[in-house]
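A.B. asks: The file below is target37.cif, mmCIF, C-alpha atoms (C1' of nucleotides):
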data_run
#
loop_
_atom_site.label_atom_id
_atom_site.label_comp_id
_atom_site.auth_asym_id
_atom_site.auth_seq_id
_atom_site.Cartn_x
_atom_site.Cartn_y
_atom_site.Cartn_z
CA MET L 89 92.43 88.57 95.69
CA LEU L 90 95.94 89.63 94.90
CA SER L 91 97.85 91.33 97.68
CA LYS L 92 98.89 94.95 97.40
CA LYS L 93 102.41 93.66 97.17
CA THR L 94 101.64 91.78 93.99
CA ARG L 95 99.71 94.68 92.51
CA TYR L 96 102.50 97.11 93.27
CA ALA L 97 105.03 94.74 91.79
CA LEU L 98 103.10 94.47 88.55
CA LYS L 99 102.68 98.22 88.31
CA ALA L 100 106.35 98.79 88.97
CA LEU L 101 107.37 96.28 86.34
CA VAL L 102 105.18 97.96 83.77
CA VAL L 103 106.83 101.29 84.51
CA LEU L 104 110.26 99.70 84.35
CA GLY L 105 109.27 97.95 81.17
CA LYS L 106 108.49 101.25 79.52
CA ASN L 107 111.88 102.43 80.65
CA PHE L 108 113.71 99.31 79.41
CA GLY L 109 117.01 100.12 77.75
CA GLY L 110 117.27 103.52 79.40
CA VAL L 111 119.08 104.64 82.53
CA PRO L 112 118.14 103.10 85.89
CA MET L 113 114.99 104.47 87.46
CA GLN L 114 114.80 105.51 91.09
CA ILE L 115 112.45 103.90 93.60
CA SER L 116 111.11 107.28 94.61
CA LYS L 117 110.20 108.11 91.05
CA ILE L 118 108.32 104.85 90.55
CA ALA L 119 106.66 105.26 93.93
CA SER L 120 105.38 108.75 93.26
CA GLU L 121 104.28 108.00 89.71
CA GLU L 122 102.31 104.95 90.77
CA HIS L 123 101.18 106.18 94.19
CA ILE L 124 102.94 103.40 96.03
CA PRO L 125 104.39 103.88 99.55
CA LYS L 126 108.10 104.24 98.92
CA LYS L 127 109.40 102.09 101.75
CA PHE L 128 107.04 99.30 100.85
CA LEU L 129 108.08 99.46 97.23
CA GLU L 130 111.73 99.24 98.28
CA GLN L 131 111.11 95.82 99.77
CA ILE L 132 109.19 94.63 96.78
CA LEU L 133 111.81 95.70 94.27
CA LEU L 134 114.49 94.14 96.42
CA ASP L 135 112.66 90.82 96.36
CA MET L 136 112.46 90.98 92.60
CA ARG L 137 116.10 91.88 92.35
CA ASN L 138 117.04 88.93 94.55
CA ALA L 139 114.97 86.75 92.28
CA GLY L 140 117.00 87.94 89.32
CA LEU L 141 114.26 89.90 87.60
CA LEU L 142 115.76 93.34 88.25
CA TYR L 143 119.20 94.82 88.54
CA SER L 144 119.99 97.69 90.87
CA LYS L 145 122.60 100.37 91.02
CA LYS L 146 123.51 102.24 94.18
CA GLY L 147 124.66 105.81 94.60
CA SER L 148 123.98 108.94 92.65
CA GLY L 149 122.36 108.15 89.32
CA GLY L 150 121.45 104.73 90.60
CA GLY L 151 118.12 102.98 90.55
CA TYR L 152 116.39 99.90 89.19
CA GLY L 153 116.01 98.33 85.78
CA LEU L 154 114.75 95.16 84.17
CA VAL L 155 117.35 92.48 83.57
CA LYS L 156 115.36 90.87 80.78
CA ASP L 157 113.29 92.21 77.94
CA PRO L 158 109.73 92.97 79.11
CA ALA L 159 108.51 90.50 76.49
CA GLU L 160 110.20 87.74 78.47
CA ILE L 161 108.70 88.51 81.85
CA PHE L 162 105.33 86.88 82.38
CA MET L 163 102.66 87.86 84.82
CA VAL L 164 102.52 84.45 86.42
CA GLN L 165 106.16 84.81 87.49
CA VAL L 166 105.36 88.03 89.29
CA LEU L 167 102.39 86.54 91.11
CA ARG L 168 104.45 83.62 92.32
CA LEU L 169 107.41 85.72 93.27
CA THR L 170 105.38 88.08 95.38
CA GLY L 171 103.68 85.24 97.15
CA GLY L 172 100.36 85.14 95.41
CA PRO L 173 99.26 81.60 94.58
CA VAL L 174 97.37 81.43 91.31
CA ALA L 175 94.99 78.73 92.50
CA LEU L 176 91.89 79.39 94.57
CA LEU L 177 92.42 76.31 96.71
CA PRO L 178 95.68 75.23 98.35
CA CYS L 179 95.17 71.64 97.24
CA VAL L 180 95.12 72.81 93.63
CA SER L 181 98.16 75.02 93.65
CA LEU L 182 101.15 73.89 91.63
CA ASN L 183 103.70 76.01 93.42
CA PHE L 184 102.16 76.44 96.87
CA TYR L 185 100.45 73.10 97.32
CA GLN L 186 98.97 72.25 100.69
CA LYS L 187 96.62 69.48 101.60
CA CYS L 188 93.11 70.61 102.55
CA ASP L 189 92.86 69.28 106.06
CA GLU L 190 89.12 68.78 105.87
CA CYS L 191 89.28 66.75 102.68
CA ALA L 192 89.12 62.98 103.04
CA ASN L 193 90.27 62.02 99.55
CA GLU L 194 91.67 64.65 97.28
CA ALA L 195 91.59 62.40 94.24
CA THR L 196 87.83 62.09 94.32
CA CYS L 197 86.88 65.61 95.43
CA GLY L 198 84.50 67.20 92.95
CA VAL L 199 85.01 70.71 94.25
CA ARG L 200 88.72 70.35 93.79
CA ASP L 201 88.18 69.08 90.27
CA VAL L 202 86.35 72.27 89.32
CA PHE L 203 89.05 74.46 90.77
CA VAL L 204 91.71 72.59 88.85
CA GLU L 205 89.89 73.76 85.76
CA VAL L 206 89.71 77.32 87.04
CA ARG L 207 93.40 77.27 87.80
CA ASN L 208 94.24 76.04 84.34
CA ALA L 209 92.21 78.76 82.70
CA THR L 210 93.82 81.44 84.85
CA LEU L 211 97.27 80.03 84.39
CA LYS L 212 96.89 80.00 80.63
CA ILE L 213 96.24 83.73 80.53
CA LEU L 214 98.84 84.72 83.10
CA SER L 215 101.59 82.60 81.62
CA GLU L 216 100.96 83.86 78.11
CA THR L 217 100.81 87.53 79.03
CA SER L 218 104.09 89.39 79.38
CA ILE L 219 104.87 92.82 80.75
CA ALA L 220 105.34 93.91 77.14
CA ASP L 221 101.82 92.72 76.37
CA VAL L 222 100.50 94.76 79.27
CA ILE L 223 102.26 97.85 77.92
CA ASN L 224 100.78 97.15 74.51
CA ARG L 225 97.31 96.81 75.90
CA GLU L 226 97.75 100.07 77.69
CA GLU L 227 98.59 101.86 74.46
CA ILE L 228 95.50 100.44 72.81
CA LEU L 229 93.34 101.40 75.77
CA ILE L 230 94.68 104.94 75.74
CA LYS L 231 94.01 105.25 72.01
CA ASN L 232 90.43 104.07 72.45
CA PHE L 233 89.95 106.22 75.50
CA GLU L 234 91.00 109.39 73.75
CA GLU L 235 88.58 108.93 70.89
CA MET S 21 92.37 81.95 97.79
CA LEU S 22 88.92 80.99 98.91
CA SER S 23 88.18 81.29 102.60
CA LYS S 24 87.45 78.24 104.71
CA LYS S 25 83.95 79.56 104.96
CA THR S 26 83.47 79.29 101.21
CA ARG S 27 85.10 75.88 101.06
CA TYR S 28 82.95 74.56 103.87
CA ALA S 29 79.85 75.99 102.22
CA LEU S 30 80.61 74.23 98.96
CA LYS S 31 81.30 70.94 100.71
CA ALA S 32 78.09 71.20 102.69
CA LEU S 33 76.04 71.96 99.60
CA VAL S 34 77.45 68.91 97.85
CA VAL S 35 76.44 66.73 100.78
CA LEU S 36 73.00 68.32 100.89
CA GLY S 37 72.75 67.93 97.14
CA LYS S 38 73.29 64.20 97.43
CA ASN S 39 70.55 64.18 100.05
CA PHE S 40 68.13 66.27 97.97
CA GLY S 41 64.55 65.04 98.19
CA GLY S 42 65.18 63.14 101.41
CA VAL S 43 64.59 64.13 105.02
CA PRO S 44 66.43 67.16 106.44
CA MET S 45 70.02 66.57 107.40
CA GLN S 46 71.47 67.65 110.71
CA ILE S 47 74.31 70.11 111.03
CA SER S 48 76.24 67.73 113.24
CA LYS S 49 76.04 65.00 110.64
CA ILE S 50 77.33 67.25 107.88
CA ALA S 51 80.02 68.59 110.19
CA SER S 52 81.34 65.20 111.18
CA GLU S 53 81.17 63.77 107.66
CA GLU S 54 83.08 66.67 106.17
CA HIS S 55 85.36 67.43 109.12
CA ILE S 56 84.02 70.92 109.58
CA PRO S 57 83.83 72.56 113.03
CA LYS S 58 80.17 72.30 113.92
CA LYS S 59 79.67 75.77 115.34
CA PHE S 60 81.31 77.36 112.36
CA LEU S 61 79.19 75.35 109.98
CA GLU S 62 76.07 76.48 111.85
CA GLN S 63 76.80 80.07 110.94
CA ILE S 64 77.51 79.24 107.34
CA LEU S 65 74.36 77.22 106.84
CA LEU S 66 72.37 79.97 108.52
CA ASP S 67 73.74 82.51 106.07
CA MET S 68 72.76 80.32 103.17
CA ARG S 69 69.33 79.80 104.63
CA ASN S 70 68.83 83.54 105.02
CA ALA S 71 69.87 83.90 101.40
CA GLY S 72 67.12 81.50 100.40
CA LEU S 73 69.35 78.65 99.29
CA LEU S 74 68.48 76.31 102.13
CA TYR S 75 65.45 75.60 104.28
CA SER S 76 65.74 74.58 107.89
CA LYS S 77 63.58 72.71 110.29
CA LYS S 78 63.91 72.99 114.03
CA GLY S 79 63.31 70.40 116.68
CA SER S 80 63.66 66.68 116.73
CA GLY S 81 64.01 65.29 113.23
CA GLY S 82 64.97 68.75 112.00
CA GLY S 83 67.94 69.82 109.96
CA TYR S 84 68.81 71.45 106.67
CA GLY S 85 67.93 70.83 103.05
CA LEU S 86 68.27 72.44 99.66
CA VAL S 87 65.38 74.61 98.56
CA LYS S 88 66.19 74.19 94.88
CA ASP S 89 67.37 71.30 92.79
CA PRO S 90 71.19 70.96 92.97
CA ALA S 91 71.25 71.43 89.19
CA GLU S 92 70.03 74.98 89.74
CA ILE S 93 72.59 76.05 92.30
CA PHE S 94 75.78 77.35 90.72
CA MET S 95 79.18 77.61 92.29
CA VAL S 96 79.49 81.31 91.62
CA GLN S 97 76.45 81.95 93.81
CA VAL S 98 78.08 80.19 96.70
CA LEU S 99 81.32 82.13 96.34
CA ARG S 100 79.48 85.43 96.34
CA LEU S 101 77.20 84.51 99.16
CA THR S 102 80.02 83.50 101.43
CA GLY S 103 81.92 86.67 100.70
CA GLY S 104 84.47 85.46 98.23
CA PRO S 105 84.89 87.81 95.27
CA VAL S 106 85.60 85.96 92.06
CA ALA S 107 87.95 88.61 90.71
CA LEU S 108 91.61 88.89 91.65
CA LEU S 109 91.49 92.68 91.76
CA PRO S 110 88.84 94.79 93.48
CA CYS S 111 88.59 97.10 90.47
CA VAL S 112 87.59 94.15 88.32
CA SER S 113 84.97 92.62 90.56
CA LEU S 114 81.38 92.75 89.34
CA ASN S 115 79.76 92.24 92.72
CA PHE S 116 82.37 93.62 95.10
CA TYR S 117 83.79 96.46 93.04
CA GLN S 118 86.19 98.90 94.69
CA LYS S 119 88.40 101.47 93.11
CA CYS S 120 92.12 100.69 93.33
CA ASP S 121 93.34 103.72 95.20
CA GLU S 122 96.75 103.62 93.60
CA CYS S 123 95.39 103.59 90.06
CA ALA S 124 95.25 106.89 88.21
CA ASN S 125 92.98 105.87 85.36
CA GLU S 126 91.18 102.59 85.52
CA ALA S 127 90.05 102.76 81.92
CA THR S 128 93.60 102.70 80.61
CA CYS S 129 95.19 100.28 83.09
CA GLY S 130 96.80 97.35 81.29
CA VAL S 131 97.09 95.21 84.40
CA ARG S 132 93.41 95.64 85.04
CA ASP S 133 92.67 94.69 81.45
CA VAL S 134 94.41 91.35 81.90
CA PHE S 135 92.55 90.60 85.09
CA VAL S 136 89.25 91.35 83.44
CA GLU S 137 90.08 88.51 81.12
CA VAL S 138 91.02 86.25 84.01
CA ARG S 139 87.78 87.07 85.77
CA ASN S 140 85.75 86.27 82.68
CA ALA S 141 87.43 82.90 82.28
CA THR S 142 86.87 82.03 85.93
CA LEU S 143 83.32 83.29 85.91
CA LYS S 144 82.47 81.23 82.89
CA ILE S 145 83.43 78.03 84.65
CA LEU S 146 81.91 78.87 88.01
CA SER S 147 78.64 80.11 86.59
CA GLU S 148 78.22 77.06 84.39
CA THR S 149 79.03 74.51 87.06
CA SER S 150 76.22 73.50 89.40
CA ILE S 151 76.25 71.48 92.59
CA ALA S 152 74.77 68.65 90.57
CA ASP S 153 77.73 68.85 88.20
CA VAL S 154 80.11 68.61 91.14
CA ILE S 155 78.31 65.50 92.35
CA ASN S 156 78.53 64.04 88.87
CA ARG S 157 82.22 64.76 88.65
CA GLU S 158 82.70 63.09 91.98
CA GLU S 159 81.06 59.91 90.73
CA ILE S 160 83.29 59.86 87.70
CA LEU S 161 86.38 60.47 89.83
CA ILE S 162 85.45 57.65 92.18
CA LYS S 163 84.91 55.30 89.28
CA ASN S 164 88.30 56.13 87.80
CA PHE S 165 89.95 55.98 91.18
CA GLU S 166 88.70 52.49 91.93
CA GLU S 167 90.02 51.05 88.71
"C1'" DA Y 116 133.96 114.45 102.26
"C1'" DA Y 117 129.29 114.77 101.22
"C1'" DA Y 118 125.26 113.48 99.07
"C1'" DA Y 119 122.52 110.18 96.60
"C1'" DA Y 120 120.58 106.02 96.36
"C1'" DG Y 121 119.78 101.25 97.40
"C1'" DA Y 122 120.13 97.07 101.25
"C1'" DC Y 123 118.71 95.07 105.24
"C1'" DT Y 124 116.34 94.18 109.60
"C1'" DA Y 125 112.96 94.93 112.85
"C1'" DC Y 126 108.79 96.34 114.31
"C1'" DT Y 127 103.89 97.87 114.69
"C1'" DA Y 128 99.16 98.62 113.54
"C1'" DA Y 129 95.20 97.11 111.39
"C1'" DA Y 130 92.39 93.91 109.27
"C1'" DT Y 131 90.58 89.54 108.55
"C1'" DC Y 132 89.70 84.86 109.37
"C1'" DT Y 133 88.61 80.97 112.08
"C1'" DA Y 134 86.65 79.19 115.73
"C1'" DT Y 135 84.28 79.00 120.21
"C1'" DA Y 136 80.95 80.30 123.85
"C1'" DT Y 137 76.57 81.34 125.56
"C1'" DA Y 138 71.89 81.93 125.71
"C1'" DC Y 139 67.50 81.56 123.27
"C1'" DT Y 140 63.58 79.57 120.31
"C1'" DT Y 141 60.98 76.10 118.05
"C1'" DT Y 142 59.22 71.45 117.40
"C1'" DA Y 143 58.39 66.55 118.08
"C1'" DT Y 144 57.17 63.12 121.07
"C1'" DA Y 145 56.89 60.32 125.31
"C1'" DT E 229 52.94 69.06 129.24
"C1'" DA E 230 57.79 68.22 130.18
"C1'" DT E 231 61.87 67.06 127.92
"C1'" DA E 232 65.15 66.58 124.49
"C1'" DA E 233 66.51 67.58 119.89
"C1'" DA E 234 67.79 70.80 116.83
"C1'" DG E 235 68.33 75.29 114.78
"C1'" DT E 236 68.95 80.88 115.79
"C1'" DA E 237 71.51 84.66 117.16
"C1'" DT E 238 75.07 87.43 118.95
"C1'" DA E 239 79.37 88.24 120.99
"C1'" DT E 240 83.99 87.56 121.44
"C1'" DA E 241 88.62 85.58 121.52
"C1'" DG E 242 92.75 84.03 119.26
"C1'" DA E 243 95.57 83.52 115.35
"C1'" DT E 244 97.34 84.90 111.16
"C1'" DT E 245 98.34 87.88 107.49
"C1'" DT E 246 98.96 92.22 105.38
"C1'" DA E 247 100.43 96.76 104.91
"C1'" DG E 248 103.18 100.03 106.09
"C1'" DT E 249 106.95 102.54 108.88
"C1'" DA E 250 111.46 103.34 111.05
"C1'" DG E 251 116.15 103.21 111.42
"C1'" DT E 252 120.63 102.02 110.29
"C1'" DC E 253 124.08 100.40 107.06
"C1'" DT E 254 126.53 100.13 102.49
"C1'" DT E 255 127.89 101.56 98.04
"C1'" DT E 256 128.79 104.89 94.47
"C1'" DT E 257 129.30 109.31 92.33
"C1'" DT E 258 130.90 113.92 92.31
#
Go ahead and express the file in the form of structure tokens.
C.D. replies:
Amino acid sequence: MLSKKTRYALKALVVLGKNFGGVPMQISKIASEEHIPKKFLEQILLDMRNAGLLYSKKGSGGGYGLVKDPAEIFMVQVLRLTGGPVALLPCVSLNFYQKCDECANEATCGVRDVFVEVRNATLKILSETSIADVINREEILIKNFEE
Amino acid sequence: MLSKKTRYALKALVVLGKNFGGVPMQISKIASEEHIPKKFLEQILLDMRNAGLLYSKKGSGGGYGLVKDPAEIFMVQVLRLTGGPVALLPCVSLNFYQKCDECANEATCGVRDVFVEVRNATLKILSETSIADVINREEILIKNFEE
DNA sequence: AAAAAGACTACTAAATCTATATACTTTATA
DNA sequence: TATAAAGTATATAGATTTAGTAGTCTTTTT
């Protein structure tokens, strides 16, 4: 399961993606629109700024914005940035690898082998889907929903 | 990430799968072979017995065994039984569904839409892979490893 | 100078996970 | 029939993680 942090980050990026090219957007606006606790969101946006995904502007008229085009920000980046490993087992994670302490020989573990496959399937989707794609999907969903 | 409980359950089922058709296998044997805390494993095996996956026999010469052929036990069952939802978002889970409280309209949520896809990909693998398949994979891995 | 807005650090509360402890029941067998 | 082997059941403790809150500081605009 993704943490709330990761979910909030994704939601915020989608909102900021829609706003791409416009004036900076305030934390409190994002927070209230997406029903995210403001102080928590502050931390999350800060992390993403420090990672170079967002820019920020202080003072009156300040706020947050995407540094890159939403078409160049992929979901997998967000998961990793906010601490969510993609893999379901630590011994299968590319970016957060940890040895399973109960496992005698990783190279011959059948369970692991299956979860490598699962990771690859997940990774394929998440590394091909950008924030722009999410926004697109949303438009399609709204169109279908209204019919 | 899967819980230790789920991991231990999978490992134990693989061991019991290899032993299928033979005499019941003792908890302590499984525990020591797989480096699983015995008392913890007791609880896990008990859960799986109560779910009808395993039989148990008390007393001297007792132990645990698979009720069904390992080819008929699928990984997804084990995940669900040991409490691990397959989905990465609660609003996307088939068996552990929960509304995302921050989400205004689930039907038009683009993030959700992506994770439906991820769930389907994961589910496909886990519901097609049986304990027998895991054992098979292990044999292949060992063969390749020894070369 | 004052107000708006983000930056940074620390802390707390709650939940969950992992593991252990204890006492009980059933079964085989000497 | 007593004893040991093995599973059953429940409770609880400890550790870790997650989610959220609080407070203070800094920068920028007007």
A.B. asks: Applying 7 Å and only C-alpha atoms (C1' of nucleotides), which residues near range 91-100 of chain L remain after dropping the ones on its own chain fewer than 4 positions away? List them as a CSV table (one decimal) with C-alpha atoms, keeping the file's coordinate frame.
C.D. replies:
chain,number,residue,atom,x,y,z
L,104,LEU,CA,110.3,99.7,84.4
L,118,ILE,CA,108.3,104.8,90.6
L,124,ILE,CA,102.9,103.4,96.0
L,132,ILE,CA,109.2,94.6,96.8
L,166,VAL,CA,105.4,88.0,89.3
L,167,LEU,CA,102.4,86.5,91.1
L,170,THR,CA,105.4,88.1,95.4
L,172,GLY,CA,100.4,85.1,95.4
A.B. asks: Measure the distance from CA of Gly83 in chain S to CA of Arg100 in chain S in Å and round it to one decimal.
C.D. replies: 23.7 Å
A.B. asks: Need to verify the contact set: DA136 in chain Y, 10 Å, only C-alpha atoms (C1' of nucleotides), exclusion of same-chain residues closer than 5 positions in sequence. Can you return it as a list in words?
C.D. replies: Lys59 of chain S; DA239, DT240 and DA241 of chain E
A.B. asks: Near Gln114 in chain L, within 8 Å and counting only C-alpha atoms (C1' of nucleotides), which residues show up once chain neighbours fewer than 5 positions away are dropped, as an mmCIF file with C-alpha atoms (C1' of nucleotides), keeping the file's coordinate frame?
C.D. replies:
data_model
loop_
_atom_site.group_PDB
_atom_site.id
_atom_site.type_symbol
_atom_site.label_atom_id
_atom_site.label_comp_id
_atom_site.auth_asym_id
_atom_site.auth_seq_id
_atom_site.Cartn_x
_atom_site.Cartn_y
_atom_site.Cartn_z
ATOM 1 C CA GLY L 150 121.450 104.730 90.600
ATOM 2 C CA GLY L 151 118.120 102.980 90.550
ATOM 3 C CA TYR L 152 116.390 99.900 89.190
ATOM 4 C "C1'" DA Y 120 120.580 106.020 96.360
#
A.B. asks: Using the chain letters and numbers from this file, what does the PyMOL selection byres ((chain Y and resi 133) around 10) select? Give the answer as a PDB file with C-alpha atoms (C1' of nucleotides), keeping the file's coordinate frame.
C.D. replies:
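This went into selection_6.pdb:
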ATOM      1  CA  SER S  23      88.180  81.290 102.600  1.00  0.00           C
ATOM      2  CA  LYS S  24      87.450  78.240 104.710  1.00  0.00           C
ATOM      3  CA  LYS S  25      83.950  79.560 104.960  1.00  0.00           C
ATOM      4  CA  PRO S  57      83.830  72.560 113.030  1.00  0.00           C
ATOM      5  CA  PHE S  60      81.310  77.360 112.360  1.00  0.00           C
TER       6      PHE S  60
ATOM      7  C1'  DT Y 131      90.580  89.540 108.550  1.00  0.00           C
ATOM      8  C1'  DC Y 132      89.700  84.860 109.370  1.00  0.00           C
ATOM      9  C1'  DA Y 134      86.650  79.190 115.730  1.00  0.00           C
ATOM     10  C1'  DT Y 135      84.280  79.000 120.210  1.00  0.00           C
TER      11       DT Y 135
ATOM     12  C1'  DG E 242      92.750  84.030 119.260  1.00  0.00           C
ATOM     13  C1'  DA E 243      95.570  83.520 115.350  1.00  0.00           C
ATOM     14  C1'  DT E 244      97.340  84.900 111.160  1.00  0.00           C
TER      15       DT E 244
END
A.B. asks: Between CA of Gly42 in chain S and CA of Leu146 in chain S, what distance in Å does the model show, to one decimal?
C.D. replies: 26.6 Å
A.B. asks: Over all C-alpha pairs taken in sequence order, what does chain S look like after a least-squares fit onto chain L? Please give it as a CSV table (one decimal) with C-alpha atoms, keeping the file's coordinate frame.
C.D. replies:
chain,number,residue,atom,x,y,z
S,21,MET,CA,92.4,88.6,95.7
S,22,LEU,CA,95.9,89.7,94.9
S,23,SER,CA,97.8,91.4,97.7
S,24,LYS,CA,98.9,95.0,97.4
S,25,LYS,CA,102.4,93.7,97.2
S,26,THR,CA,101.6,91.8,94.0
S,27,ARG,CA,99.7,94.7,92.5
S,28,TYR,CA,102.5,97.1,93.3
S,29,ALA,CA,105.0,94.7,91.8
S,30,LEU,CA,103.1,94.5,88.6
S,31,LYS,CA,102.7,98.2,88.3
S,32,ALA,CA,106.3,98.8,89.0
S,33,LEU,CA,107.4,96.3,86.3
S,34,VAL,CA,105.2,98.0,83.8
S,35,VAL,CA,106.8,101.3,84.5
S,36,LEU,CA,110.3,99.7,84.4
S,37,GLY,CA,109.3,97.9,81.2
S,38,LYS,CA,108.5,101.2,79.5
S,39,ASN,CA,111.9,102.4,80.6
S,40,PHE,CA,113.7,99.3,79.4
S,41,GLY,CA,117.0,100.1,77.8
S,42,GLY,CA,117.3,103.5,79.4
S,43,VAL,CA,119.1,104.6,82.5
S,44,PRO,CA,118.1,103.1,85.9
S,45,MET,CA,115.0,104.4,87.4
S,46,GLN,CA,114.8,105.5,91.1
S,47,ILE,CA,112.5,103.9,93.6
S,48,SER,CA,111.1,107.3,94.6
S,49,LYS,CA,110.2,108.1,91.0
S,50,ILE,CA,108.3,104.9,90.5
S,51,ALA,CA,106.7,105.3,93.9
S,52,SER,CA,105.4,108.8,93.2
S,53,GLU,CA,104.3,108.0,89.7
S,54,GLU,CA,102.3,105.0,90.7
S,55,HIS,CA,101.2,106.2,94.2
S,56,ILE,CA,102.9,103.4,96.0
S,57,PRO,CA,104.4,103.9,99.5
S,58,LYS,CA,108.1,104.3,98.9
S,59,LYS,CA,109.4,102.2,101.7
S,60,PHE,CA,107.0,99.4,100.8
S,61,LEU,CA,108.1,99.5,97.2
S,62,GLU,CA,111.7,99.3,98.3
S,63,GLN,CA,111.1,95.9,99.8
S,64,ILE,CA,109.2,94.6,96.8
S,65,LEU,CA,111.8,95.7,94.3
S,66,LEU,CA,114.5,94.2,96.4
S,67,ASP,CA,112.7,90.9,96.4
S,68,MET,CA,112.4,91.0,92.6
S,69,ARG,CA,116.1,91.9,92.4
S,70,ASN,CA,117.1,89.0,94.6
S,71,ALA,CA,115.0,86.8,92.3
S,72,GLY,CA,117.0,87.9,89.4
S,73,LEU,CA,114.2,89.9,87.6
S,74,LEU,CA,115.7,93.3,88.3
S,75,TYR,CA,119.2,94.8,88.6
S,76,SER,CA,120.0,97.7,90.9
S,77,LYS,CA,122.6,100.3,91.0
S,78,LYS,CA,123.5,102.2,94.1
S,79,GLY,CA,124.7,105.7,94.5
S,80,SER,CA,124.0,108.9,92.6
S,81,GLY,CA,122.4,108.1,89.3
S,82,GLY,CA,121.4,104.7,90.6
S,83,GLY,CA,118.1,103.0,90.5
S,84,TYR,CA,116.4,99.9,89.2
S,85,GLY,CA,116.0,98.3,85.8
S,86,LEU,CA,114.8,95.1,84.2
S,87,VAL,CA,117.3,92.4,83.6
S,88,LYS,CA,115.4,90.8,80.8
S,89,ASP,CA,113.3,92.2,78.0
S,90,PRO,CA,109.7,93.0,79.1
S,91,ALA,CA,108.5,90.5,76.5
S,92,GLU,CA,110.2,87.7,78.5
S,93,ILE,CA,108.7,88.5,81.9
S,94,PHE,CA,105.3,86.9,82.4
S,95,MET,CA,102.6,87.9,84.8
S,96,VAL,CA,102.5,84.5,86.5
S,97,GLN,CA,106.1,84.8,87.5
S,98,VAL,CA,105.4,88.0,89.3
S,99,LEU,CA,102.4,86.6,91.1
S,100,ARG,CA,104.4,83.6,92.4
S,101,LEU,CA,107.4,85.7,93.3
S,102,THR,CA,105.4,88.1,95.4
S,103,GLY,CA,103.7,85.3,97.2
S,104,GLY,CA,100.4,85.2,95.4
S,105,PRO,CA,99.3,81.6,94.6
S,106,VAL,CA,97.4,81.5,91.3
S,107,ALA,CA,95.0,78.7,92.5
S,108,LEU,CA,91.9,79.4,94.6
S,109,LEU,CA,92.4,76.3,96.7
S,110,PRO,CA,95.7,75.2,98.3
S,111,CYS,CA,95.2,71.6,97.2
S,112,VAL,CA,95.1,72.8,93.6
S,113,SER,CA,98.2,75.0,93.6
S,114,LEU,CA,101.2,73.9,91.6
S,115,ASN,CA,103.7,76.0,93.4
S,116,PHE,CA,102.2,76.5,96.9
S,117,TYR,CA,100.4,73.1,97.3
S,118,GLN,CA,99.0,72.2,100.7
S,119,LYS,CA,96.6,69.5,101.6
S,120,CYS,CA,93.1,70.6,102.5
S,121,ASP,CA,92.9,69.2,106.0
S,122,GLU,CA,89.1,68.8,105.8
S,123,CYS,CA,89.3,66.7,102.6
S,124,ALA,CA,89.2,62.9,103.0
S,125,ASN,CA,90.3,62.0,99.5
S,126,GLU,CA,91.7,64.6,97.2
S,127,ALA,CA,91.6,62.4,94.2
S,128,THR,CA,87.9,62.1,94.3
S,129,CYS,CA,86.9,65.6,95.4
S,130,GLY,CA,84.5,67.2,92.9
S,131,VAL,CA,85.0,70.7,94.2
S,132,ARG,CA,88.7,70.3,93.8
S,133,ASP,CA,88.2,69.1,90.2
S,134,VAL,CA,86.4,72.2,89.3
S,135,PHE,CA,89.1,74.4,90.7
S,136,VAL,CA,91.7,72.6,88.8
S,137,GLU,CA,89.9,73.7,85.7
S,138,VAL,CA,89.7,77.3,87.0
S,139,ARG,CA,93.4,77.3,87.8
S,140,ASN,CA,94.3,76.0,84.3
S,141,ALA,CA,92.2,78.8,82.7
S,142,THR,CA,93.8,81.4,84.8
S,143,LEU,CA,97.3,80.0,84.4
S,144,LYS,CA,96.9,80.0,80.7
S,145,ILE,CA,96.2,83.7,80.6
S,146,LEU,CA,98.8,84.7,83.1
S,147,SER,CA,101.6,82.6,81.7
S,148,GLU,CA,101.0,83.9,78.1
S,149,THR,CA,100.8,87.5,79.1
S,150,SER,CA,104.1,89.4,79.4
S,151,ILE,CA,104.9,92.8,80.7
S,152,ALA,CA,105.3,93.9,77.2
S,153,ASP,CA,101.8,92.7,76.4
S,154,VAL,CA,100.5,94.8,79.3
S,155,ILE,CA,102.3,97.8,77.9
S,156,ASN,CA,100.8,97.1,74.5
S,157,ARG,CA,97.3,96.8,75.9
S,158,GLU,CA,97.8,100.1,77.7
S,159,GLU,CA,98.6,101.8,74.5
S,160,ILE,CA,95.5,100.4,72.8
S,161,LEU,CA,93.3,101.4,75.8
S,162,ILE,CA,94.7,104.9,75.8
S,163,LYS,CA,94.0,105.2,72.1
S,164,ASN,CA,90.4,104.1,72.5
S,165,PHE,CA,89.9,106.2,75.5
S,166,GLU,CA,91.0,109.4,73.8
S,167,GLU,CA,88.6,108.9,70.9
A.B. asks: Show me, as a PyMOL selection string, every residue of chain Y with an atom at most 9 Å from chain L, counting only C-alpha atoms (C1' of nucleotides).
C.D. replies: chain Y and resi 118-122
A.B. asks: Save the residues we just selected, C-alpha atoms (C1' of nucleotides), as a PDB file, keeping the file's coordinate frame?
C.D. replies:
ATOM      1  C1'  DA Y 118     125.260 113.480  99.070  1.00  0.00           C
ATOM      2  C1'  DA Y 119     122.520 110.180  96.600  1.00  0.00           C
ATOM      3  C1'  DA Y 120     120.580 106.020  96.360  1.00  0.00           C
ATOM      4  C1'  DG Y 121     119.780 101.250  97.400  1.00  0.00           C
ATOM      5  C1'  DA Y 122     120.130  97.070 101.250  1.00  0.00           C
TER       6       DA Y 122
END
A.B. asks: Name every residue that the PyMOL selection byres ((chain L) within 7 of (chain S)) selects in this structure, writing the answer as a PyMOL selection string with chains first and numbers rising.
C.D. replies: chain L and resi 89-90+122-124+175-177+190+196-199+206+209-210+213+222-223+225-226+229-230
